[in-house]
Amino acid sequence: MTHFGILCPAKTGHLNTMLPLGRELQRRGHRVTLFGIADVQSKTLAAGLNFWRIGETDYPLGIAAQSLTQLGKLSGFAALRYNLNLIQKEAAMVLRDAPKALKNAGVEALLVNQMTLEGGSVAEFLDLPFITVCSALPVNQEDGVPPFVTSWNYNSAQWAHLRNRAAYSLLNHIAQPIQKLINEYRQSWNLPPCDRVNDSCSKLAQLSQIPAEFDFPRQHLPQCFHFTGPYHESASREAVPFPWEKLTGQPLIYASMGTIQNRLMNVFHCIAQACDGLNVQLVISLGGGNPDSLKGLPGKPLVVKYAPQMELLKKATLTITHAGLNTVLESLNNGVPMVAIPITSDQPGTAARLAWTGAGVKVPLARLSVRKLRICIQEVLSQDSYKNNASRLQAAIQRAGGVRRAADIVELAISKQKPVVAAV
């Protein structure tokens with residue numbers, strides 16, 4: 001059996017993908033240890049995995065929550081810039097601390113989140129086989145696919161390819177400080193430099209938790225890239241209390257802006273006003289916020305600090321979301337259509353794919369109004385096509401294989417030490 005190490009950003013959305021994959025490998029007899037900061041220890045242990053703390057000197061308990069609180073107040077490019085600064089700081093810590101920790105723990109293979117941009121370099125330095133796991137939208141660049149941070153629709157025209165190429169150049173320029181940091185360590189480790197920050201992905205297997213049907217058409221993915229579908233499971237998450245007795249039996253609208261972009265209180269006010277007067281029950285999850293901050297909302301929605309999202313979605317008729325990929329996939333896994341209000345990072349790209357597949361509509365934050373949102377909600381509730389397309393993607397997710405197929409690929413790649421080629 002193999003001792004797997006996990007390198008992953010200290011964010012709920014990424015952990016909710018990596019921990020179930022670790023649990024599945026552990027269920028098969030492997031040993032799995034997550035290497036991270038103190039703030040992710042409780043979630044790791046709740047999932048039943050081993051935990052090894054790194055970053056003790058600059059990541060005391062509680063610092064991640066402080067950073068995410070600040071990030072949650074931002075949107076658009078400001079949020080993207082702030083997030084890149086967080087990624088760079090965490091990369092510096094991982095490059096400094098992870099090699100020694102992984103070696104001392106006796107790790108034999110790595111699962112590296114694609115947004116842990118430095119993880120592949122750490123694996124190369126230690127000569128460890130590793131698998132890349134895409135918890136967010138795949139960041140693999142190709143001219144025919146708009147960058148994941150844009151809300152651009154898919155278009156095969158030449159002008160769109162040129163637009164995409166220019167945007168990728170800009171993103172690579174913005175990420176140069178992270179690339180410079182990684183290459184400094186690579187030079188000290190006698191490794192060749194990387195031309196782009198996301199060049200150091202696995203040559204054995206790359207796993208994406210979206211089904212192929214949800215992505216824009218791809219032409220240039222590596223042969224070892226696999227669309228496996230989501231890995232979500234409630235057993236790997238900490239238990240969340242919820243007042244089930246307060247559900248009225250009306251069509252349920254579940255609204256969540258995730259655990260990061262959840263400090264924009266005006267958005268929740270807009271959602272409540274848009275749903276007021278409709279024959280629905282609105283449940284708002286603040287993702288860690290204080291329900292007292294939203295007292296007296298129109299329509300008297302049920303507002304909670306956290307919600308058992310996977311269980312609630314089984315009862316939902318519609319999801320209003322920031323287009324965080326986990327919430328989108330969990331909604332689709334239950335055949336629930338959506339109205340998306342993307343804020344930053346890969347949320348615009350996820351919302352664009354949601355609209356492209358016909359499983360929902362998107363409302364840019366800059367254009368958000370009560371009237372606009374209400375029209376979108378009524379459209380999705382009244383037109384069968386949205387529910388039908390959500391159900392179509394639900395079937396695609398079920399065919400994709402999920403965490404079991406992902407674990408099969410991981411085991412095969414590590415045991416054979418050869419690329420696992422995706423079926424055409």
# chains A, B, ... in the order shown; residues from 1 in each chain; ligands from 1
>>> residues_around(residues="Arg353 of chain A", least_positions_apart="3", cutoff="8 Å", atoms="only C-alpha atoms", output="PDB file with N, CA and C atoms, in the first residue's frame")
ATOM      1  N   ASN A 153     -18.531  33.810 -23.309  1.00  0.00           N
ATOM      2  CA  ASN A 153     -19.134  32.621 -23.870  1.00  0.00           C
ATOM      3  C   ASN A 153     -18.169  31.950 -24.841  1.00  0.00           C
ATOM      4  N   PHE A 214     -19.806  19.509 -19.145  1.00  0.00           N
ATOM      5  CA  PHE A 214     -19.961  20.828 -18.542  1.00  0.00           C
ATOM      6  C   PHE A 214     -18.890  21.807 -19.021  1.00  0.00           C
ATOM      7  N   ASP A 215     -17.818  21.297 -19.591  1.00  0.00           N
ATOM      8  CA  ASP A 215     -16.749  22.187 -20.042  1.00  0.00           C
ATOM      9  C   ASP A 215     -17.000  22.628 -21.477  1.00  0.00           C
ATOM     10  N   PHE A 216     -16.365  23.742 -21.865  1.00  0.00           N
ATOM     11  CA  PHE A 216     -16.362  24.135 -23.260  1.00  0.00           C
ATOM     12  C   PHE A 216     -15.594  23.084 -24.073  1.00  0.00           C
ATOM     13  N   GLY A 349     -16.176  32.051 -15.088  1.00  0.00           N
ATOM     14  CA  GLY A 349     -16.042  30.970 -16.055  1.00  0.00           C
ATOM     15  C   GLY A 349     -17.033  29.851 -15.797  1.00  0.00           C
ATOM     16  N   THR A 350     -17.270  29.540 -14.537  1.00  0.00           N
ATOM     17  CA  THR A 350     -18.257  28.511 -14.197  1.00  0.00           C
ATOM     18  C   THR A 350     -19.659  28.965 -14.589  1.00  0.00           C
ATOM     19  N   TRP A 356     -24.034  28.275 -20.899  1.00  0.00           N
ATOM     20  CA  TRP A 356     -23.768  27.602 -22.174  1.00  0.00           C
ATOM     21  C   TRP A 356     -24.457  26.237 -22.234  1.00  0.00           C
ATOM     22  N   THR A 357     -24.515  25.533 -21.116  1.00  0.00           N
ATOM     23  CA  THR A 357     -25.158  24.219 -21.084  1.00  0.00           C
ATOM     24  C   THR A 357     -26.673  24.326 -20.951  1.00  0.00           C
TER      25      THR A 357
END
>>> residues_around(residues="Ile174 of chain A", least_positions_apart="5", cutoff="10 Å", atoms="only C-alpha atoms", output="ChimeraX atom specification")
/A:81,84,168-169,179
>>> atom_distance(atom1="atom CA of Gln398 of chain A", atom2="atom CA of Ala423 of chain A")
16.9 Å
>>> residues_around(residues="Asn183 of chain A", least_positions_apart="3", cutoff="10 Å", atoms="only C-alpha atoms", output="VMD selection string")
chain A and resid 118 121 177 to 180 186 to 189 191 to 197
>>> residues_around(residues="Asn388 of chain A", least_positions_apart="2", cutoff="12 Å", atoms="only C-alpha atoms", output="list of chain:residue names")
A:Leu332, A:Asn334, A:Gly335, A:Val336, A:Pro337, A:Thr357, A:Gly358, A:Ala359, A:Gly360, A:Val380, A:Leu381, A:Ser382, A:Gln383, A:Asp384, A:Ser385, A:Tyr386, A:Ala390, A:Ser391, A:Arg392, A:Leu393, A:Gln394, A:Ala395
>>> select_by_dssp(residues="segment 182-407 of chain A", states="strand (DSSP E or B)", output="number ranges by chain")
A: 206-208, 225-227, 252-256, 281-285, 302-304, 316-321, 338-340, 360-362
>>> closest_residue(among="A:Ala157, A:Ala123, A:Leu49, A:Met257", to="Val94 of chain A", atoms="only C-alpha atoms")
A:Ala123
>>> select_by_dssp(residues="segment 199-336 of chain A", states="alpha helix (DSSP H)", output="list in words")
Met265, Asn266, Val267, Phe268, His269, Cys270, Ile271, Ala272, Gln273, Ala274, Cys275, Gln309, Met310, Glu311, Leu312, Leu313, Leu325, Asn326, Thr327, Val328, Leu329, Glu330, Ser331 and Leu332 of chain A
>>> write_last_selection(atoms="C-alpha atoms", output="compact mmCIF listing (two decimals), in the first residue's frame")
# COMPACT_ATOMS: atom_id res chain seq x y z
CA MET A 265 -24.56 41.75 2.31
CA ASN A 266 -26.28 43.77 -0.41
CA VAL A 267 -26.39 40.63 -2.55
CA PHE A 268 -28.36 38.74 0.09
CA HIS A 269 -30.76 41.68 0.46
CA CYS A 270 -31.29 41.64 -3.30
CA ILE A 271 -31.95 37.89 -3.30
CA ALA A 272 -34.52 38.19 -0.50
CA GLN A 273 -36.35 41.04 -2.23
CA ALA A 274 -36.37 39.20 -5.55
CA CYS A 275 -37.95 36.11 -3.96
CA GLN A 309 -25.80 21.85 1.55
CA MET A 310 -25.79 18.37 0.08
CA GLU A 311 -28.90 17.38 2.05
CA LEU A 312 -30.76 20.63 1.31
CA LEU A 313 -30.13 20.36 -2.41
CA LEU A 325 -17.80 25.07 -8.67
CA ASN A 326 -18.64 22.83 -5.71
CA THR A 327 -22.09 24.36 -5.25
CA VAL A 328 -22.75 24.21 -9.00
CA LEU A 329 -21.73 20.55 -9.26
CA GLU A 330 -23.64 19.57 -6.14
CA SER A 331 -26.74 21.28 -7.55
CA LEU A 332 -26.33 19.54 -10.91
>>> residues_around(residues="segment 246-251 of chain A", least_positions_apart="2", cutoff="12 Å", atoms="only C-alpha atoms", output="ChimeraX atom specification")
/A:242-244,253-254,275,278-283,300-304,312-319,336,381
>>> write_last_selection(atoms="N, CA and C atoms", output="mmCIF file, in the first residue's frame")
data_model
loop_
_atom_site.group_PDB
_atom_site.id
_atom_site.type_symbol
_atom_site.label_atom_id
_atom_site.label_comp_id
_atom_site.auth_asym_id
_atom_site.auth_seq_id
_atom_site.Cartn_x
_atom_site.Cartn_y
_atom_site.Cartn_z
ATOM 1 N N PHE A 242 -29.248 21.987 11.471
ATOM 2 C CA PHE A 242 -30.169 22.759 10.630
ATOM 3 C C PHE A 242 -31.597 22.574 11.138
ATOM 4 N N PRO A 243 -32.398 23.658 11.173
ATOM 5 C CA PRO A 243 -33.776 23.561 11.680
ATOM 6 C C PRO A 243 -34.732 23.003 10.615
ATOM 7 N N TRP A 244 -34.655 21.703 10.389
ATOM 8 C CA TRP A 244 -35.474 21.079 9.348
ATOM 9 C C TRP A 244 -36.967 21.305 9.572
ATOM 10 N N ILE A 253 -35.993 27.422 -2.605
ATOM 11 C CA ILE A 253 -34.870 28.100 -3.258
ATOM 12 C C ILE A 253 -33.729 28.172 -2.254
ATOM 13 N N TYR A 254 -32.618 27.578 -2.615
ATOM 14 C CA TYR A 254 -31.432 27.584 -1.752
ATOM 15 C C TYR A 254 -30.450 28.617 -2.279
ATOM 16 N N CYS A 275 -37.126 37.297 -4.240
ATOM 17 C CA CYS A 275 -37.951 36.115 -3.956
ATOM 18 C C CYS A 275 -39.232 36.462 -3.204
ATOM 19 N N LEU A 278 -43.103 35.493 -4.172
ATOM 20 C CA LEU A 278 -43.199 34.270 -4.967
ATOM 21 C C LEU A 278 -43.659 33.126 -4.061
ATOM 22 N N ASN A 279 -44.277 32.136 -4.643
ATOM 23 C CA ASN A 279 -44.737 30.987 -3.855
ATOM 24 C C ASN A 279 -43.577 30.019 -3.639
ATOM 25 N N VAL A 280 -42.604 30.477 -2.857
ATOM 26 C CA VAL A 280 -41.403 29.686 -2.588
ATOM 27 C C VAL A 280 -40.973 29.918 -1.146
ATOM 28 N N GLN A 281 -40.100 29.022 -0.651
ATOM 29 C CA GLN A 281 -39.412 29.277 0.607
ATOM 30 C C GLN A 281 -37.934 29.468 0.304
ATOM 31 N N LEU A 282 -37.387 30.583 0.774
ATOM 32 C CA LEU A 282 -35.981 30.897 0.548
ATOM 33 C C LEU A 282 -35.161 30.531 1.767
ATOM 34 N N VAL A 283 -34.101 29.747 1.543
ATOM 35 C CA VAL A 283 -33.129 29.432 2.584
ATOM 36 C C VAL A 283 -31.801 30.055 2.187
ATOM 37 N N LYS A 300 -39.180 37.064 4.950
ATOM 38 C CA LYS A 300 -38.769 36.258 6.101
ATOM 39 C C LYS A 300 -38.094 34.937 5.703
ATOM 40 N N PRO A 301 -37.008 35.008 4.943
ATOM 41 C CA PRO A 301 -36.303 33.773 4.577
ATOM 42 C C PRO A 301 -35.652 33.129 5.793
ATOM 43 N N LEU A 302 -35.378 31.853 5.679
ATOM 44 C CA LEU A 302 -34.669 31.130 6.722
ATOM 45 C C LEU A 302 -33.171 31.348 6.500
ATOM 46 N N VAL A 303 -32.520 32.064 7.418
ATOM 47 C CA VAL A 303 -31.115 32.425 7.276
ATOM 48 C C VAL A 303 -30.300 31.661 8.314
ATOM 49 N N VAL A 304 -29.251 30.960 7.870
ATOM 50 C CA VAL A 304 -28.410 30.172 8.770
ATOM 51 C C VAL A 304 -26.937 30.497 8.523
ATOM 52 N N LEU A 312 -29.759 19.655 1.717
ATOM 53 C CA LEU A 312 -30.765 20.630 1.309
ATOM 54 C C LEU A 312 -31.022 20.594 -0.192
ATOM 55 N N LEU A 313 -29.977 20.365 -0.963
ATOM 56 C CA LEU A 313 -30.134 20.359 -2.412
ATOM 57 C C LEU A 313 -31.026 19.218 -2.901
ATOM 58 N N LYS A 314 -31.154 18.173 -2.097
ATOM 59 C CA LYS A 314 -32.061 17.086 -2.464
ATOM 60 C C LYS A 314 -33.521 17.555 -2.431
ATOM 61 N N LYS A 315 -33.780 18.650 -1.711
ATOM 62 C CA LYS A 315 -35.133 19.181 -1.587
ATOM 63 C C LYS A 315 -35.336 20.451 -2.427
ATOM 64 N N ALA A 316 -34.273 20.970 -3.039
ATOM 65 C CA ALA A 316 -34.324 22.282 -3.682
ATOM 66 C C ALA A 316 -34.941 22.220 -5.082
ATOM 67 N N THR A 317 -35.592 23.310 -5.444
ATOM 68 C CA THR A 317 -36.130 23.501 -6.790
ATOM 69 C C THR A 317 -35.209 24.391 -7.616
ATOM 70 N N LEU A 318 -34.503 25.288 -6.941
ATOM 71 C CA LEU A 318 -33.613 26.245 -7.603
ATOM 72 C C LEU A 318 -32.502 26.617 -6.643
ATOM 73 N N THR A 319 -31.287 26.799 -7.187
ATOM 74 C CA THR A 319 -30.162 27.299 -6.405
ATOM 75 C C THR A 319 -29.766 28.675 -6.926
ATOM 76 N N VAL A 336 -30.694 20.182 -10.104
ATOM 77 C CA VAL A 336 -31.256 21.470 -9.708
ATOM 78 C C VAL A 336 -30.694 22.577 -10.598
ATOM 79 N N LEU A 381 -37.609 29.027 -13.058
ATOM 80 C CA LEU A 381 -38.666 28.238 -12.415
ATOM 81 C C LEU A 381 -39.764 27.844 -13.397
#
>>> closest_residue(among="A:Glu90, A:Asp346, A:Asp97, A:Glu24", to="Cys134 of chain A", atoms="only C-alpha atoms")
A:Asp346
>>> residues_around(residues="Phe227 of chain A", least_positions_apart="2", cutoff="9 Å", atoms="only C-alpha atoms", output="ChimeraX atom specification")
/A:206-212,225,229,400-402,406,422
>>> atom_distance(atom1="atom CA of Ser135 of chain A", atom2="atom CA of Gln114 of chain A")
7.3 Å
>>> closest_residue(among="A:Val40, A:Ala79, A:Cys8, A:Ala205", to="Asn113 of chain A", atoms="only C-alpha atoms")
A:Cys8
>>> residues_around(residues="segment 409-415 of chain A", least_positions_apart="4", cutoff="9 Å", atoms="only C-alpha atoms", output="number ranges by chain")
A: 2, 25, 109, 111, 129-131, 204-205, 207, 226, 404-405, 419-420
>>> closest_residue(among="A:Gly106, A:Gly22, A:Gly258, A:Gly13", to="Leu286 of chain A", atoms="only C-alpha atoms")
A:Gly258
>>> closest_residue(among="A:Ile284, A:Leu365, A:Ala166, A:Leu171", to="Ser151 of chain A", atoms="only C-alpha atoms")
A:Leu365
>>> decode(residues="segment 177-204 of chain A", atoms="N, CA and C atoms", output="compact mmCIF listing (two decimals), in the first residue's frame")
# COMPACT_ATOMS: atom_id res chain seq x y z
N PRO A 177 5.06 37.10 -10.39
CA PRO A 177 5.72 37.00 -9.08
C PRO A 177 5.68 35.58 -8.50
N ILE A 178 4.57 34.86 -8.71
CA ILE A 178 4.48 33.48 -8.23
C ILE A 178 5.43 32.60 -9.03
N GLN A 179 5.46 32.79 -10.34
CA GLN A 179 6.35 32.01 -11.18
C GLN A 179 7.81 32.26 -10.81
N LYS A 180 8.15 33.50 -10.55
CA LYS A 180 9.52 33.85 -10.17
C LYS A 180 9.91 33.15 -8.87
N LEU A 181 8.99 33.15 -7.90
CA LEU A 181 9.24 32.47 -6.63
C LEU A 181 9.49 30.99 -6.83
N ILE A 182 8.63 30.34 -7.61
CA ILE A 182 8.76 28.91 -7.85
C ILE A 182 10.07 28.61 -8.56
N ASN A 183 10.41 29.42 -9.55
CA ASN A 183 11.64 29.16 -10.30
C ASN A 183 12.89 29.40 -9.48
N GLU A 184 12.82 30.28 -8.50
CA GLU A 184 13.97 30.46 -7.61
C GLU A 184 14.25 29.18 -6.83
N TYR A 185 13.20 28.54 -6.34
CA TYR A 185 13.38 27.26 -5.65
C TYR A 185 13.81 26.18 -6.62
N ARG A 186 13.23 26.16 -7.81
CA ARG A 186 13.62 25.15 -8.79
C ARG A 186 15.10 25.27 -9.14
N GLN A 187 15.60 26.48 -9.26
CA GLN A 187 17.02 26.68 -9.55
C GLN A 187 17.88 26.16 -8.41
N SER A 188 17.47 26.44 -7.17
CA SER A 188 18.24 25.96 -6.02
C SER A 188 18.17 24.44 -5.90
N TRP A 189 17.13 23.84 -6.48
CA TRP A 189 16.97 22.38 -6.44
C TRP A 189 17.52 21.72 -7.72
N ASN A 190 18.17 22.50 -8.58
CA ASN A 190 18.73 22.00 -9.84
C ASN A 190 17.67 21.42 -10.77
N LEU A 191 16.51 22.08 -10.80
CA LEU A 191 15.44 21.72 -11.71
C LEU A 191 15.33 22.78 -12.80
N PRO A 192 14.94 22.41 -14.01
CA PRO A 192 14.79 23.41 -15.08
C PRO A 192 13.64 24.36 -14.76
N PRO A 193 13.71 25.62 -15.21
CA PRO A 193 12.64 26.57 -14.90
C PRO A 193 11.35 26.24 -15.63
N CYS A 194 10.24 26.72 -15.06
CA CYS A 194 8.93 26.61 -15.71
C CYS A 194 8.63 27.92 -16.44
N ASP A 195 8.10 27.81 -17.64
CA ASP A 195 7.77 29.01 -18.41
C ASP A 195 6.50 29.69 -17.90
N ARG A 196 5.56 28.88 -17.37
CA ARG A 196 4.31 29.41 -16.84
C ARG A 196 4.03 28.72 -15.51
N VAL A 197 3.23 29.40 -14.67
CA VAL A 197 3.03 28.87 -13.32
C VAL A 197 2.30 27.54 -13.31
N ASN A 198 1.48 27.26 -14.31
CA ASN A 198 0.73 26.01 -14.29
C ASN A 198 1.35 24.94 -15.19
N ASP A 199 2.64 25.10 -15.53
CA ASP A 199 3.31 24.12 -16.38
C ASP A 199 3.64 22.83 -15.62
N SER A 200 3.77 22.93 -14.31
CA SER A 200 4.23 21.77 -13.54
C SER A 200 3.06 20.91 -13.09
N CYS A 201 2.28 20.44 -14.07
CA CYS A 201 1.19 19.50 -13.78
C CYS A 201 1.68 18.08 -14.01
N SER A 202 0.97 17.11 -13.48
CA SER A 202 1.38 15.72 -13.56
C SER A 202 1.42 15.21 -14.99
N LYS A 203 2.42 14.41 -15.29
CA LYS A 203 2.50 13.73 -16.58
C LYS A 203 1.89 12.33 -16.49
N LEU A 204 1.52 11.92 -15.27
CA LEU A 204 0.91 10.60 -15.06
C LEU A 204 -0.60 10.66 -15.21
